[in-house]
Each structure stands twice: as C-alpha cells, then as structure tokens.
file target_24.pdb (PDB, C-alpha atoms, pLDDT in the B column)
ATOM      1  CA  MET A  31      50.104 -26.387 -63.452  1.00 55.00           C
ATOM      2  CA  GLU A  32      46.686 -25.133 -64.359  1.00 62.00           C
ATOM      3  CA  ASN A  33      45.064 -27.660 -61.998  1.00 62.00           C
ATOM      4  CA  ALA A  34      47.337 -26.536 -59.166  1.00 62.00           C
ATOM      5  CA  SER A  35      46.330 -22.920 -59.742  1.00 67.00           C
ATOM      6  CA  LYS A  36      42.663 -23.825 -59.634  1.00 63.00           C
ATOM      7  CA  ALA A  37      43.211 -25.777 -56.427  1.00 65.00           C
ATOM      8  CA  LEU A  38      44.943 -22.782 -54.871  1.00 62.00           C
ATOM      9  CA  LEU A  39      42.113 -20.474 -55.925  1.00 63.00           C
ATOM     10  CA  MET A  40      39.529 -22.847 -54.500  1.00 69.00           C
ATOM     11  CA  ALA A  41      41.464 -23.116 -51.256  1.00 66.00           C
ATOM     12  CA  ALA A  42      41.776 -19.334 -51.076  1.00 67.00           C
ATOM     13  CA  GLY A  43      38.029 -18.996 -51.709  1.00 68.00           C
ATOM     14  CA  MET A  44      37.214 -21.493 -49.000  1.00 72.00           C
ATOM     15  CA  PHE A  45      39.541 -19.707 -46.590  1.00 66.00           C
ATOM     16  CA  LEU A  46      37.893 -16.373 -47.429  1.00 68.00           C
ATOM     17  CA  VAL A  47      34.421 -17.846 -46.871  1.00 65.00           C
ATOM     18  CA  MET A  48      35.503 -19.314 -43.551  1.00 71.00           C
ATOM     19  CA  LEU A  49      37.094 -16.012 -42.542  1.00 65.00           C
ATOM     20  CA  ILE A  50      33.943 -14.079 -43.396  1.00 69.00           C
ATOM     21  CA  LEU A  51      31.838 -16.637 -41.535  1.00 69.00           C
ATOM     22  CA  ALA A  52      34.114 -16.392 -38.503  1.00 66.00           C
ATOM     23  CA  LEU A  53      33.855 -12.582 -38.590  1.00 64.00           C
ATOM     24  CA  VAL A  54      30.054 -12.787 -38.833  1.00 62.00           C
ATOM     25  CA  ILE A  55      29.895 -15.188 -35.877  1.00 68.00           C
ATOM     26  CA  PHE A  56      32.278 -12.988 -33.879  1.00 61.00           C
ATOM     27  CA  ALA A  57      30.259  -9.832 -34.678  1.00 58.00           C
ATOM     28  CA  TRP A  58      26.986 -11.586 -33.827  1.00 59.00           C
ATOM     29  CA  GLY A  59      28.444 -12.707 -30.499  1.00 58.00           C
ATOM     30  CA  LYS A  60      29.543  -9.167 -29.714  1.00 53.00           C
ATOM     31  CA  PHE A  61      26.117  -7.836 -30.690  1.00 50.00           C
ATOM     32  CA  SER A  62      24.429 -10.456 -28.489  1.00 56.00           C
ATOM     33  CA  ASP A  63      26.699  -9.528 -25.578  1.00 51.00           C
ATOM     34  CA  TYR A  64      25.846  -5.862 -26.121  1.00 44.00           C
ATOM     35  CA  GLN A  65      22.136  -6.596 -26.318  1.00 49.00           C
ATOM     36  CA  ASN A  66      22.256  -8.758 -23.191  1.00 49.00           C
ATOM     37  CA  ALA A  67      24.149  -6.042 -21.328  1.00 46.00           C
ATOM     38  CA  LYS A  68      21.625  -3.466 -22.527  1.00 43.00           C
ATOM     39  CA  ASP A  69      18.688  -5.654 -21.426  1.00 48.00           C
ATOM     40  CA  SER A  70      20.383  -6.284 -18.078  1.00 50.00           C
ATOM     41  CA  LEU A  71      20.859  -2.536 -17.564  1.00 46.00           C
ATOM     42  CA  VAL A  72      17.189  -1.940 -18.366  1.00 51.00           C
ATOM     43  CA  ASP A  73      16.187  -4.635 -15.847  1.00 67.00           C
ATOM     44  CA  ILE A  74      18.393  -3.036 -13.182  1.00 70.00           C
ATOM     45  CA  GLU A  75      16.897   0.403 -13.845  1.00 85.00           C
ATOM     46  CA  ASP A  76      13.356  -1.008 -13.789  1.00 87.00           C
ATOM     47  CA  THR A  77      14.045  -2.828 -10.524  1.00 89.00           C
ATOM     48  CA  ALA A  78      15.520   0.286  -8.911  1.00 90.00           C
ATOM     49  CA  LYS A  79      12.552   2.363 -10.039  1.00 91.00           C
ATOM     50  CA  PHE A  80      10.129  -0.263  -8.755  1.00 91.00           C
ATOM     51  CA  ASN A  81      11.862  -0.548  -5.373  1.00 94.00           C
ATOM     52  CA  GLU A  82      11.820   3.235  -4.850  1.00 93.00           C
ATOM     53  CA  GLN A  83       8.037   3.020  -4.387  1.00 92.00           C
ATOM     54  CA  PHE A  84       8.562   0.877  -1.291  1.00 96.00           C
ATOM     55  CA  THR A  85      12.012   1.650   0.161  1.00 95.00           C
ATOM     56  CA  HIS A  86      10.678   5.143   0.911  1.00 93.00           C
ATOM     57  CA  TYR A  87       8.814   3.518   3.817  1.00 97.00           C
ATOM     58  CA  ASP A  88      11.919   1.861   5.293  1.00 97.00           C
ATOM     59  CA  ARG A  89      12.016   4.242   8.295  1.00 96.00           C
ATOM     60  CA  ASP A  90      11.282   4.450  12.013  1.00 97.00           C
ATOM     61  CA  ASP A  91       8.704   7.238  11.705  1.00 97.00           C
ATOM     62  CA  VAL A  92       6.176   6.012   9.143  1.00 98.00           C
ATOM     63  CA  GLN A  93       2.733   7.408   9.950  1.00 98.00           C
ATOM     64  CA  GLY A  94      -0.474   5.434   9.714  1.00 98.00           C
ATOM     65  CA  TYR A  95      -1.781   7.343   6.702  1.00 97.00           C
ATOM     66  CA  GLU A  96       1.407   6.263   4.885  1.00 98.00           C
ATOM     67  CA  ILE A  97       0.798   2.664   5.951  1.00 98.00           C
ATOM     68  CA  LEU A  98      -2.681   2.858   4.405  1.00 97.00           C
ATOM     69  CA  SER A  99      -1.214   4.363   1.234  1.00 96.00           C
ATOM     70  CA  LEU A 100       1.366   1.560   1.102  1.00 97.00           C
ATOM     71  CA  ALA A 101      -1.384  -1.014   1.678  1.00 97.00           C
ATOM     72  CA  ASN A 102      -3.283   0.360  -1.321  1.00 95.00           C
ATOM     73  CA  GLN A 103      -0.102   0.161  -3.430  1.00 94.00           C
ATOM     74  CA  VAL A 104       0.498  -3.447  -2.427  1.00 95.00           C
ATOM     75  CA  ILE A 105      -3.142  -4.402  -3.029  1.00 93.00           C
ATOM     76  CA  ASP A 106      -3.059  -2.768  -6.458  1.00 91.00           C
ATOM     77  CA  TYR A 107       0.271  -4.372  -7.392  1.00 91.00           C
ATOM     78  CA  ASN A 108      -0.782  -7.839  -6.259  1.00 90.00           C
ATOM     79  CA  ARG A 109      -4.030  -7.518  -8.191  1.00 87.00           C
ATOM     80  CA  ARG A 110      -2.637  -6.106 -11.459  1.00 81.00           C
ATOM     81  CA  ARG A 111       0.928  -7.332 -11.760  1.00 73.00           C
ATOM     82  CA  ALA A 112       1.440 -10.459  -9.699  1.00 57.00           C
ATOM     83  CA  ASP A 113      -1.481 -12.666 -10.668  1.00 54.00           C
ATOM     84  CA  VAL A 114       0.627 -15.421 -12.219  1.00 49.00           C
ATOM     85  CA  GLY A 115      -2.400 -17.478 -13.163  1.00 50.00           C
ATOM     86  CA  GLN A 116      -3.959 -14.757 -15.308  1.00 52.00           C
ATOM     87  CA  ASN A 117      -1.218 -12.354 -16.366  1.00 52.00           C
ATOM     88  CA  ASN A 118       1.757 -14.756 -16.514  1.00 48.00           C
ATOM     89  CA  GLU A 119       3.873 -12.255 -14.592  1.00 57.00           C
ATOM     90  CA  LYS A 120       7.272 -13.455 -13.468  1.00 63.00           C
ATOM     91  CA  TYR A 121       7.206 -11.275 -10.340  1.00 74.00           C
ATOM     92  CA  LYS A 122       5.926 -12.564  -7.027  1.00 84.00           C
ATOM     93  CA  PRO A 123       3.184 -10.832  -4.972  1.00 90.00           C
ATOM     94  CA  ILE A 124       4.336  -8.493  -2.213  1.00 94.00           C
ATOM     95  CA  LYS A 125       3.552  -9.279   1.416  1.00 96.00           C
ATOM     96  CA  LEU A 126       2.814  -6.521   3.950  1.00 98.00           C
ATOM     97  CA  VAL A 127       2.551  -7.200   7.697  1.00 98.00           C
ATOM     98  CA  VAL A 128       1.710  -4.578  10.353  1.00 98.00           C
ATOM     99  CA  THR A 129       1.836  -5.560  14.034  1.00 98.00           C
ATOM    100  CA  LEU A 130       0.168  -3.421  16.723  1.00 97.00           C
ATOM    101  CA  ASN A 131       1.886  -4.934  19.784  1.00 94.00           C
ATOM    102  CA  ASN A 132      -1.497  -5.335  21.504  1.00 93.00           C
ATOM    103  CA  ASP A 133      -1.858  -1.537  21.588  1.00 95.00           C
ATOM    104  CA  ASN A 134      -5.189  -1.571  19.713  1.00 94.00           C
ATOM    105  CA  LYS A 135      -6.989   0.283  22.508  1.00 95.00           C
ATOM    106  CA  LYS A 136      -4.871   3.368  21.868  1.00 96.00           C
ATOM    107  CA  PHE A 137      -6.811   3.890  18.647  1.00 97.00           C
ATOM    108  CA  SER A 138     -10.306   3.712  20.160  1.00 96.00           C
ATOM    109  CA  TYR A 139     -12.243   6.440  21.976  1.00 95.00           C
ATOM    110  CA  ASP A 140     -13.500   4.250  24.828  1.00 92.00           C
ATOM    111  CA  GLU A 141     -11.244   1.158  24.588  1.00 88.00           C
ATOM    112  CA  ASN A 142     -13.987  -0.653  22.688  1.00 92.00           C
ATOM    113  CA  ASN A 143     -12.419  -1.215  19.277  1.00 95.00           C
ATOM    114  CA  LEU A 144     -14.972  -1.354  16.473  1.00 96.00           C
ATOM    115  CA  LEU A 145     -12.491  -1.056  13.597  1.00 97.00           C
ATOM    116  CA  ILE A 146      -8.882  -1.707  14.668  1.00 97.00           C
ATOM    117  CA  ASN A 147      -9.673  -5.024  16.331  1.00 95.00           C
ATOM    118  CA  ARG A 148      -6.733  -7.187  15.224  1.00 96.00           C
ATOM    119  CA  ASN A 149      -3.206  -7.297  16.577  1.00 97.00           C
ATOM    120  CA  GLU A 150      -1.794  -8.000  13.117  1.00 97.00           C
ATOM    121  CA  TYR A 151      -2.836  -6.817   9.661  1.00 98.00           C
ATOM    122  CA  THR A 152      -1.597  -8.633   6.578  1.00 97.00           C
ATOM    123  CA  ILE A 153      -1.705  -8.355   2.800  1.00 96.00           C
ATOM    124  CA  SER A 154      -0.435 -11.195   0.626  1.00 93.00           C
ATOM    125  CA  SER A 155      -1.497 -13.049  -2.497  1.00 87.00           C
ATOM    126  CA  THR A 156      -4.324 -14.741  -0.565  1.00 89.00           C
ATOM    127  CA  VAL A 157      -5.015 -12.482   2.448  1.00 92.00           C
ATOM    128  CA  ASN A 158      -6.071  -8.856   2.862  1.00 95.00           C
ATOM    129  CA  THR A 159      -7.125  -7.918   6.385  1.00 96.00           C
ATOM    130  CA  PHE A 160      -6.536  -4.225   5.618  1.00 96.00           C
ATOM    131  CA  ASP A 161      -9.611  -4.120   3.411  1.00 93.00           C
ATOM    132  CA  ASP A 162     -12.009  -3.552   6.327  1.00 94.00           C
ATOM    133  CA  ILE A 163     -10.062  -0.510   7.568  1.00 96.00           C
ATOM    134  CA  ILE A 164      -9.731   1.086   4.138  1.00 95.00           C
ATOM    135  CA  THR A 165     -13.279   0.323   2.980  1.00 96.00           C
ATOM    136  CA  LYS A 166     -15.055   1.474   6.142  1.00 97.00           C
ATOM    137  CA  GLY A 167     -12.955   4.614   6.477  1.00 96.00           C
ATOM    138  CA  THR A 168     -13.485   5.734   2.882  1.00 96.00           C
ATOM    139  CA  ASN A 169     -17.191   4.824   2.897  1.00 97.00           C
ATOM    140  CA  ILE A 170     -17.826   6.938   6.009  1.00 97.00           C
ATOM    141  CA  GLU A 171     -15.969   9.843   4.392  1.00 96.00           C
ATOM    142  CA  LYS A 172     -18.230   9.585   1.347  1.00 96.00           C
ATOM    143  CA  GLU A 173     -21.387   9.364   3.434  1.00 96.00           C
ATOM    144  CA  TYR A 174     -20.647  12.102   5.983  1.00 96.00           C
ATOM    145  CA  GLY A 175     -18.514  14.504   3.968  1.00 95.00           C
ATOM    146  CA  SER A 176     -15.084  16.078   4.285  1.00 92.00           C
ATOM    147  CA  ASN A 177     -15.707  17.339   7.844  1.00 95.00           C
ATOM    148  CA  VAL A 178     -16.130  13.863   9.292  1.00 96.00           C
ATOM    149  CA  SER A 179     -12.649  14.009  10.852  1.00 94.00           C
ATOM    150  CA  GLN A 180     -13.695  17.154  12.706  1.00 95.00           C
ATOM    151  CA  ILE A 181     -16.883  15.400  13.829  1.00 96.00           C
ATOM    152  CA  SER A 182     -14.817  12.506  15.186  1.00 95.00           C
ATOM    153  CA  LYS A 183     -12.785  14.956  17.281  1.00 94.00           C
ATOM    154  CA  LEU A 184     -15.996  16.251  18.879  1.00 95.00           C
ATOM    155  CA  ILE A 185     -17.361  12.880  20.026  1.00 96.00           C
ATOM    156  CA  SER A 186     -17.907  14.042  23.601  1.00 94.00           C
ATOM    157  CA  SER A 187     -20.032  16.999  22.488  1.00 95.00           C
ATOM    158  CA  PHE A 188     -22.355  14.590  20.645  1.00 97.00           C
ATOM    159  CA  PHE A 189     -22.478  11.422  22.717  1.00 96.00           C
ATOM    160  CA  SER A 190     -21.421  12.151  26.313  1.00 95.00           C
ATOM    161  CA  GLU A 191     -23.718  11.178  29.184  1.00 94.00           C
ATOM    162  CA  GLU A 192     -24.216  14.859  29.896  1.00 95.00           C
ATOM    163  CA  VAL A 193     -25.631  15.419  26.411  1.00 96.00           C
ATOM    164  CA  LYS A 194     -27.764  12.270  26.555  1.00 93.00           C
ATOM    165  CA  ASN A 195     -29.491  13.569  29.711  1.00 94.00           C
ATOM    166  CA  ASP A 196     -30.107  17.154  28.570  1.00 97.00           C
ATOM    167  CA  THR A 197     -32.623  17.892  25.784  1.00 96.00           C
ATOM    168  CA  ASN A 198     -31.240  21.399  25.215  1.00 97.00           C
ATOM    169  CA  LYS A 199     -27.744  20.046  24.704  1.00 97.00           C
ATOM    170  CA  GLN A 200     -29.159  17.385  22.422  1.00 97.00           C
ATOM    171  CA  GLU A 201     -30.661  20.077  20.191  1.00 97.00           C
ATOM    172  CA  ILE A 202     -27.333  21.919  20.133  1.00 96.00           C
ATOM    173  CA  ALA A 203     -25.537  18.671  19.261  1.00 97.00           C
ATOM    174  CA  VAL A 204     -27.926  17.977  16.377  1.00 97.00           C
ATOM    175  CA  LYS A 205     -27.456  21.500  14.982  1.00 96.00           C
ATOM    176  CA  LYS A 206     -23.670  21.233  15.268  1.00 96.00           C
ATOM    177  CA  PHE A 207     -23.690  17.827  13.587  1.00 97.00           C
ATOM    178  CA  LYS A 208     -25.902  19.031  10.726  1.00 95.00           C
ATOM    179  CA  ALA A 209     -23.559  21.987  10.162  1.00 95.00           C
ATOM    180  CA  LEU A 210     -20.592  19.669   9.768  1.00 96.00           C
ATOM    181  CA  SER A 211     -22.081  16.631   8.027  1.00 96.00           C
ATOM    182  CA  ARG A 212     -23.785  16.043   4.712  1.00 93.00           C
ATOM    183  CA  LYS A 213     -25.721  13.186   6.335  1.00 93.00           C
ATOM    184  CA  ASN A 214     -29.279  14.277   7.122  1.00 91.00           C
ATOM    185  CA  VAL A 215     -30.048  14.089  10.876  1.00 95.00           C
ATOM    186  CA  ASN A 216     -33.254  15.624  12.229  1.00 95.00           C
ATOM    187  CA  ASN A 217     -33.261  14.657  15.912  1.00 97.00           C
ATOM    188  CA  TYR A 218     -31.058  13.232  18.619  1.00 97.00           C
ATOM    189  CA  ASN A 219     -32.234   9.645  18.159  1.00 97.00           C
ATOM    190  CA  GLU A 220     -31.107   9.814  14.535  1.00 97.00           C
ATOM    191  CA  LEU A 221     -27.797  11.274  15.703  1.00 97.00           C
ATOM    192  CA  LEU A 222     -27.364   8.324  18.077  1.00 97.00           C
ATOM    193  CA  GLY A 223     -27.816   6.102  15.038  1.00 96.00           C
ATOM    194  CA  CYS A 224     -24.578   7.602  13.674  1.00 97.00           C
ATOM    195  CA  LYS A 225     -22.608   6.877  16.830  1.00 96.00           C
ATOM    196  CA  ASN A 226     -20.917   3.677  15.648  1.00 96.00           C
ATOM    197  CA  ASP A 227     -19.838   5.280  12.383  1.00 97.00           C
ATOM    198  CA  ILE A 228     -18.265   8.219  14.226  1.00 97.00           C
ATOM    199  CA  TYR A 229     -16.518   5.937  16.698  1.00 97.00           C
ATOM    200  CA  ILE A 230     -15.205   3.856  13.797  1.00 97.00           C
ATOM    201  CA  TYR A 231     -13.956   6.947  12.017  1.00 97.00           C
ATOM    202  CA  TYR A 232     -12.272   8.142  15.211  1.00 97.00           C
ATOM    203  CA  GLU A 233     -10.240   4.898  15.207  1.00 97.00           C
ATOM    204  CA  TYR A 234      -9.511   5.399  11.519  1.00 98.00           C
ATOM    205  CA  THR A 235      -8.085   8.898  12.111  1.00 96.00           C
ATOM    206  CA  GLN A 236      -6.120   7.717  15.145  1.00 97.00           C
ATOM    207  CA  PHE A 237      -4.585   4.914  13.100  1.00 98.00           C
ATOM    208  CA  LYS A 238      -3.593   7.410  10.409  1.00 97.00           C
ATOM    209  CA  ARG A 239      -1.838   9.498  13.085  1.00 97.00           C
ATOM    210  CA  GLY A 240      -0.006   6.509  14.588  1.00 98.00           C
ATOM    211  CA  VAL A 241       3.762   6.091  14.208  1.00 98.00           C
ATOM    212  CA  PHE A 242       5.149   2.824  12.834  1.00 98.00           C
ATOM    213  CA  LYS A 243       8.646   1.406  12.462  1.00 98.00           C
ATOM    214  CA  CYS A 244       9.756  -0.674   9.490  1.00 98.00           C
ATOM    215  CA  THR A 245      11.306  -3.764  11.076  1.00 98.00           C
ATOM    216  CA  ASN A 246      11.997  -5.843   7.984  1.00 97.00           C
ATOM    217  CA  LEU A 247      12.329  -5.318   4.239  1.00 97.00           C
ATOM    218  CA  THR A 248      12.996  -8.369   2.052  1.00 96.00           C
ATOM    219  CA  TYR A 249      14.060  -8.614  -1.591  1.00 95.00           C
ATOM    220  CA  ASP A 250      13.126 -11.422  -3.920  1.00 91.00           C
ATOM    221  CA  GLN A 251      15.823 -13.606  -5.427  1.00 86.00           C
ATOM    222  CA  PRO A 252      16.854 -13.462  -8.224  1.00 82.00           C
ATOM    223  CA  THR A 253      14.779 -10.449  -9.401  1.00 87.00           C
ATOM    224  CA  GLY A 254      16.009  -8.108  -6.652  1.00 90.00           C
ATOM    225  CA  ARG A 255      12.539  -6.630  -6.217  1.00 92.00           C
ATOM    226  CA  VAL A 256      10.975  -5.833  -2.849  1.00 95.00           C
ATOM    227  CA  SER A 257       8.967  -8.892  -1.836  1.00 94.00           C
ATOM    228  CA  SER A 258       7.859  -8.196   1.742  1.00 96.00           C
ATOM    229  CA  MET A 259       7.713  -5.415   4.335  1.00 98.00           C
ATOM    230  CA  GLU A 260       6.976  -5.570   8.057  1.00 98.00           C
ATOM    231  CA  PHE A 261       6.030  -2.740  10.413  1.00 98.00           C
ATOM    232  CA  THR A 262       5.448  -2.426  14.150  1.00 98.00           C
ATOM    233  CA  PHE A 263       3.312   0.205  15.904  1.00 98.00           C
ATOM    234  CA  SER A 264       5.519   2.348  18.168  1.00 97.00           C
ATOM    235  CA  GLY A 265       2.700   3.113  20.609  1.00 96.00           C
ATOM    236  CA  THR A 266       2.871   6.816  19.695  1.00 97.00           C
ATOM    237  CA  ILE A 267       0.027   8.801  18.131  1.00 96.00           C
ATOM    238  CA  TYR A 268       0.747  12.326  16.911  1.00 92.00           C
TER
END
call {"tool": "encode", "arguments": {"input": "target_24.pdb", "output": "structure tokens"}}
result
Amino acid sequence: MENASKALLMAAGMFLVMLILALVIFAWGKFSDYQNAKDSLVDIEDTAKFNEQFTHYDRDDVQGYEILSLANQVIDYNRRRADVGQNNEKYKPIKLVVTLNNDNKKFSYDENNLLINRNEYTISSTVNTFDDIITKGTNIEKEYGSNVSQISKLISSFFSEEVKNDTNKQEIAVKKFKALSRKNVNNYNELLGCKNDIYIYYEYTQFKRGVFKCTNLTYDQPTGRVSSMEFTFSGTIY
C-alpha cells in the first residue's frame, strides 16, 4: 500500500512538472508571438515613415528645385544606408530617373546647353549623372554670391551684341555686375570671362523652375520601401 502511494505521488509530481513545463512553453510562445507582432508593427511604422520622404513627390506638378532636393536625398541615402558591402544594410539603393523629352533647349539662354546637356538623368547604386548639375550650380552660388540668380536674369544687359560694341555700356555692365556679385571684376574682358558661368547658372535656375510629372513609383519586395522613382519634364517652366 505504501509503495502504491509513493507511485501515485511520483506520478502526480511528474504530471505537475509536465503541466508547468507546458504552461511555460505556452507562455513563451505567446510572448514570442507578441514580440514578433510588436517588431512587425515597428517595421511597418518605420517603412511608412521612410516612404513619406519620397511619396511626397508622387505628383504631376513637381518643380525642378524639388527634383534637385530629391536627388540629394537619394544620393545621401544610397551613400549612407544602402552600401551593402560596407554597412551590411538589408535595404536596396534607390534609383531616380528624370527624362527631359528632348526639351533640353528650353533650359538654355541661346539653345547652346552648357549644363543640362543630357536627355536623361539617373541616380542609382553605380551612376549619378545629377552630380554635375548640383555641383556646378552650388559652386557658382558660392563664388558669385546670393544675387547670382538675379545676374542670370540680366544676361542680355551684360553680354548682348549691343553691349559688346559700346564701351559706355560695357562700363555700365561692369558696374552693375560688381554691385550684384562678390566676384571681383574690373573691366569688361574680365566680365566676359564670367559668361559661361552665368549661362550655366541660367540653365540651373531654369531647371529649378521646370515642372515635372512623376510617371512611376516602385516599392521593393518584401520590405515595402520605395525603390525607384521616375519623372518626365512637362515642357513647362514657371
């Protein structure tokens, strides 16, 4: 009888241990499900927040200055976050494509494009044809000062044939240029040396005023993040 009682107690103990173990496993499973759901929610929120930076440009009236801002965002993201070889990021680089529909001449002053001389501009993990536009535009701003956009609007008063053939008008042009620019110019020959820069900046300002349409926005699978954007120039400049 005593042996039977001990056997029952041992069986009850084993049952209790198994029950506790089952409860622990069940609770751990529920905790894991909760944690996975929590992590998934965080990923969804992060993805939505990330995509907001780019879906803002999914419109028919994106202006050129916004395109340049987007290009800088994409360049920065591809450099910092998507370099798989160095940073082991799981996210792919973003691709940006802007097509001008062979309307490049609309950006130039005399149909001789010095800056906007491609029909398509692209940024990807290996290509960045936007760099020339951004670098030249910002460098000219630094060199000539904040009034360089106003100078570019007055091209004819500096470089027209009428000015080139009249010494009095040349002197007036030099004075006007010196009043607007931080770049030191003492005579008309030196002013002529600035001509290409001003023509380039004119194209830069025209591009910033251009109107572009987002024609394609693609999301990466399975992350759900924006992976590529495409724009087309409408032919309109405000």
call {"tool": "atom_distance", "arguments": {"input": "target_24.pdb", "atom1": "CA of Pro123 (chain A)", "atom2": "CA of Asn108 (chain A)"}}
result
5.1 Å
call {"tool": "resolve_selection", "arguments": {"input": "target_24.pdb", "expression": "the PyMOL selection byres ((chain A and resi 84) around 12)", "output": "number ranges by chain"}}
result
A: 77-83, 85-89, 92, 96-97, 99-104, 107, 124-126, 244, 246-249, 255-260
call {"tool": "write_last_selection", "arguments": {"input": "target_24.pdb", "atoms": "C-alpha atoms", "output": "mmCIF file, in the frame of the given file"}}
result
data_model
loop_
_atom_site.group_PDB
_atom_site.id
_atom_site.type_symbol
_atom_site.label_atom_id
_atom_site.label_comp_id
_atom_site.auth_asym_id
_atom_site.auth_seq_id
_atom_site.Cartn_x
_atom_site.Cartn_y
_atom_site.Cartn_z
ATOM 1 C CA THR A 77 14.045 -2.828 -10.524
ATOM 2 C CA ALA A 78 15.520 0.286 -8.911
ATOM 3 C CA LYS A 79 12.552 2.363 -10.039
ATOM 4 C CA PHE A 80 10.129 -0.263 -8.755
ATOM 5 C CA ASN A 81 11.862 -0.548 -5.373
ATOM 6 C CA GLU A 82 11.820 3.235 -4.850
ATOM 7 C CA GLN A 83 8.037 3.020 -4.387
ATOM 8 C CA THR A 85 12.012 1.650 0.161
ATOM 9 C CA HIS A 86 10.678 5.143 0.911
ATOM 10 C CA TYR A 87 8.814 3.518 3.817
ATOM 11 C CA ASP A 88 11.919 1.861 5.293
ATOM 12 C CA ARG A 89 12.016 4.242 8.295
ATOM 13 C CA VAL A 92 6.176 6.012 9.143
ATOM 14 C CA GLU A 96 1.407 6.263 4.885
ATOM 15 C CA ILE A 97 0.798 2.664 5.951
ATOM 16 C CA SER A 99 -1.214 4.363 1.234
ATOM 17 C CA LEU A 100 1.366 1.560 1.102
ATOM 18 C CA ALA A 101 -1.384 -1.014 1.678
ATOM 19 C CA ASN A 102 -3.283 0.360 -1.321
ATOM 20 C CA GLN A 103 -0.102 0.161 -3.430
ATOM 21 C CA VAL A 104 0.498 -3.447 -2.427
ATOM 22 C CA TYR A 107 0.271 -4.372 -7.392
ATOM 23 C CA ILE A 124 4.336 -8.493 -2.213
ATOM 24 C CA LYS A 125 3.552 -9.279 1.416
ATOM 25 C CA LEU A 126 2.814 -6.521 3.950
ATOM 26 C CA CYS A 244 9.756 -0.674 9.490
ATOM 27 C CA ASN A 246 11.997 -5.843 7.984
ATOM 28 C CA LEU A 247 12.329 -5.318 4.239
ATOM 29 C CA THR A 248 12.996 -8.369 2.052
ATOM 30 C CA TYR A 249 14.060 -8.614 -1.591
ATOM 31 C CA ARG A 255 12.539 -6.630 -6.217
ATOM 32 C CA VAL A 256 10.975 -5.833 -2.849
ATOM 33 C CA SER A 257 8.967 -8.892 -1.836
ATOM 34 C CA SER A 258 7.859 -8.196 1.742
ATOM 35 C CA MET A 259 7.713 -5.415 4.335
ATOM 36 C CA GLU A 260 6.976 -5.570 8.057
#
call {"tool": "residues_around", "arguments": {"input": "target_24.pdb", "residues": "Lys136 (chain A)", "least_positions_apart": "4", "cutoff": "12 Å", "atoms": "all atoms listed in the file", "output": "VMD selection string"}}
result
chain A and resid 130 to 132 140 to 143 146 to 147 232 to 237 239 to 241 263 to 268
call {"tool": "closest_residue", "arguments": {"input": "target_24.pdb", "among": "A:Lys243, A:Lys225, A:Arg111, A:Lys205", "to": "Leu144 (chain A)", "atoms": "all atoms listed in the file"}}
result
A:Lys225
call {"tool": "closest_residue", "arguments": {"input": "target_24.pdb", "among": "A:Ala203, A:Ile230, A:Met48, A:Ala209", "to": "Tyr139 (chain A)", "atoms": "only C-alpha atoms"}}
result
A:Ile230
call {"tool": "residues_around", "arguments": {"input": "target_24.pdb", "residues": "Asn219 (chain A)", "least_positions_apart": "4", "cutoff": "10 Å", "atoms": "only C-alpha atoms", "output": "list of chain:residue names"}}
result
A:Lys194, A:Gln200, A:Val204, A:Val215, A:Gly223, A:Cys224
